[in-house]
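Shown here: target.txt, compact mmCIF, C-alpha atoms and all ligand atoms.
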# COMPACT_ATOMS: atom_id res chain seq x y z
CA MET B 1 168.94 120.89 99.76
CA SER B 2 168.39 118.33 97.03
CA PRO B 3 170.13 118.15 93.67
CA GLY B 4 168.58 120.10 90.83
CA GLY B 5 169.78 119.52 87.29
CA VAL B 6 172.77 117.51 86.25
CA GLU B 7 174.74 118.34 83.14
CA VAL B 8 177.92 117.29 81.43
CA ARG B 9 179.95 120.01 79.81
CA GLU B 10 183.34 121.61 79.38
CA LEU B 11 184.44 122.78 82.85
CA GLY B 12 187.96 123.89 82.08
CA HIS B 13 190.33 122.61 84.75
CA ARG B 14 187.62 121.40 87.12
CA TRP B 15 186.29 117.85 87.23
CA ALA B 16 182.92 118.79 88.64
CA ALA B 17 181.07 121.67 90.22
CA CYS B 18 177.90 122.32 92.16
CA SER B 19 176.04 125.59 92.32
CA ALA B 20 174.24 127.05 95.31
CA ALA B 21 171.01 126.37 93.40
CA GLY B 22 171.74 122.64 93.63
CA ASP B 23 172.76 122.02 90.04
CA LEU B 24 175.59 119.61 89.38
CA ALA B 25 177.91 119.79 86.42
CA PHE B 26 180.51 117.23 85.41
CA HIS B 27 183.39 117.65 83.03
CA TRP B 28 182.88 115.42 79.98
CA LYS B 29 186.31 113.95 80.68
CA CYS B 30 184.86 112.39 83.83
CA MET B 31 183.22 109.89 81.52
CA MET B 32 186.67 108.50 80.80
CA ALA B 33 187.46 107.96 84.47
CA PRO B 34 187.03 104.49 86.01
CA PRO B 35 183.50 103.99 87.46
CA THR B 36 184.84 103.94 91.02
CA VAL B 37 186.52 107.31 90.50
CA LEU B 38 183.36 108.67 88.92
CA ASP B 39 181.38 107.52 91.98
CA TYR B 40 183.79 109.43 94.16
CA VAL B 41 183.40 112.60 92.07
CA VAL B 42 179.59 112.37 92.38
CA VAL B 43 179.73 111.73 96.13
CA HIS B 44 182.20 114.58 96.54
CA GLU B 45 179.83 117.03 94.86
CA LEU B 46 176.80 115.73 96.75
CA CYS B 47 178.64 116.18 100.06
CA HIS B 48 179.05 119.84 99.12
CA PHE B 49 175.31 120.24 99.59
CA HIS B 50 175.96 119.82 103.32
CA GLN B 51 179.51 121.12 103.59
CA PHE B 52 180.68 123.87 101.31
CA ASP B 53 184.35 123.72 102.20
CA HIS B 54 186.87 120.91 102.29
CA THR B 55 186.85 120.69 106.06
CA ASP B 56 187.50 117.58 108.16
CA ALA B 57 183.73 117.23 108.51
CA PHE B 58 183.43 117.23 104.73
CA TRP B 59 186.04 114.48 104.23
CA ASN B 60 184.44 112.54 107.05
CA GLU B 61 181.18 112.49 105.12
CA VAL B 62 182.94 111.44 101.92
CA ASP B 63 184.77 108.71 103.84
CA LYS B 64 181.48 107.25 105.08
CA VAL B 65 180.30 106.68 101.50
CA VAL B 66 183.59 106.10 99.69
CA PRO B 67 186.18 104.78 102.17
CA ALA B 68 188.81 104.50 99.41
CA TYR B 69 188.41 108.13 98.38
CA ARG B 70 192.12 108.94 98.86
CA GLU B 71 192.96 106.51 96.05
CA HIS B 72 190.45 108.18 93.74
CA LYS B 73 191.72 111.63 94.64
CA GLU B 74 195.17 110.45 93.68
CA TRP B 75 193.88 109.16 90.32
CA LEU B 76 192.30 112.54 89.57
CA ARG B 77 195.43 114.38 90.64
CA ARG B 78 197.59 112.26 88.32
CA HIS B 79 195.25 112.75 85.37
CA GLU B 80 194.66 116.41 85.99
CA ALA B 81 198.02 117.22 84.41
CA GLY B 82 196.60 116.46 80.97
CA MET B 83 193.24 118.12 81.51
CA ASP B 84 193.66 121.14 79.29
CA VAL B 85 195.60 119.48 76.50
ZN ZN D 101 185.07 119.88 96.55
Show me the file's structure as structure tokens.
Ligand SMILES: [Zn+2]
Amino acid sequence: MSPGGVEVRELGHRWAACSAAGDLAFHWKCMMAPPTVLDYVVVHELCHFHQFDHTDAFWNEVDKVVPAYREHKEWLRRHEAGMDV
């Protein structure tokens, strides 16, 4: 499957989402994240085209592209607290 449309919008408490149709959506707040974190969010969503769940195989794929993904996950977790403010 290849990506369809990409849009930036209000996604509530989620940073990004991908639909089964291959459309990607990113929360507008992603634009305030550091570029490296943003890269991780994009890679994360793209990996969902192959793996729908957060299985070991999924993280393995993410790791191949973004080896420092744990750091970026941590950044998102820390900033998530203020997401709906
Ligand atoms: Zn995910």
List all protein, DNA and RNA residues that have at least one atom no more than 10 Å from any atom of ligand ZN 101 (chain D), counting all atoms listed in the file, and write them as a PDB file with C-alpha atoms, keeping the file's coordinate frame.
ATOM      1  CA  ARG B  14     187.620 121.400  87.120  1.00  0.00           C
ATOM      2  CA  TRP B  15     186.290 117.850  87.230  1.00  0.00           C
ATOM      3  CA  ALA B  16     182.920 118.790  88.640  1.00  0.00           C
ATOM      4  CA  ALA B  17     181.070 121.670  90.220  1.00  0.00           C
ATOM      5  CA  CYS B  18     177.900 122.320  92.160  1.00  0.00           C
ATOM      6  CA  VAL B  41     183.400 112.600  92.070  1.00  0.00           C
ATOM      7  CA  VAL B  43     179.730 111.730  96.130  1.00  0.00           C
ATOM      8  CA  HIS B  44     182.200 114.580  96.540  1.00  0.00           C
ATOM      9  CA  GLU B  45     179.830 117.030  94.860  1.00  0.00           C
ATOM     10  CA  LEU B  46     176.800 115.730  96.750  1.00  0.00           C
ATOM     11  CA  CYS B  47     178.640 116.180 100.060  1.00  0.00           C
ATOM     12  CA  HIS B  48     179.050 119.840  99.120  1.00  0.00           C
ATOM     13  CA  GLN B  51     179.510 121.120 103.590  1.00  0.00           C
ATOM     14  CA  PHE B  52     180.680 123.870 101.310  1.00  0.00           C
ATOM     15  CA  ASP B  53     184.350 123.720 102.200  1.00  0.00           C
ATOM     16  CA  HIS B  54     186.870 120.910 102.290  1.00  0.00           C
ATOM     17  CA  THR B  55     186.850 120.690 106.060  1.00  0.00           C
ATOM     18  CA  PHE B  58     183.430 117.230 104.730  1.00  0.00           C
ATOM     19  CA  TRP B  59     186.040 114.480 104.230  1.00  0.00           C
TER      20      TRP B  59
END
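Atom CA of His27 of chain B is positioned 5.2 Å from atom CA of Leu11 of chain B.
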- Task: Write out as a ChimeraX atom specification which residues come within 12 Å of Arg70 of chain B when counting all atoms listed in the file, dropping same-chain ones fewer than 4 positions away.
- Result: /B:36-37,40-41,44,59-60,62-63,66,74-77
Where is the centre and how long are the edges: axis-aligned box on segment 64-80 of chain B, 8 Å on each side, Å to one decimal, as AutoDock Vina command-line options:
--center_x 188.9 --center_y 110.5 --center_z 95.2 --size_x 33.3 --size_y 27.9 --size_z 35.7
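For the set B:Trp28, B:Glu71, B:Glu80, B:Phe49, the residue with the smallest atom-to-atom gap to Gly4 of chain B is B:Phe49, counting all atoms listed in the file.
Checking B:Ala21, B:Lys29, B:Glu61, B:Asp56 one by one against Val8 of chain B, counting all atoms listed in the file, you find the shortest gap at B:Lys29.
When all atoms listed in the file are used to measure the gap to Val65 of chain B, the shortest distance among B:Asp39, B:Arg78, B:Gly12, B:Ala20 belongs to B:Asp39.
The space separating atom CA of Pro67 of chain B from atom CA of Met32 of chain B comes to 21.7 Å.
Atom CA of Arg9 of chain B sits 10.8 Å away from atom CA of Met31 of chain B.
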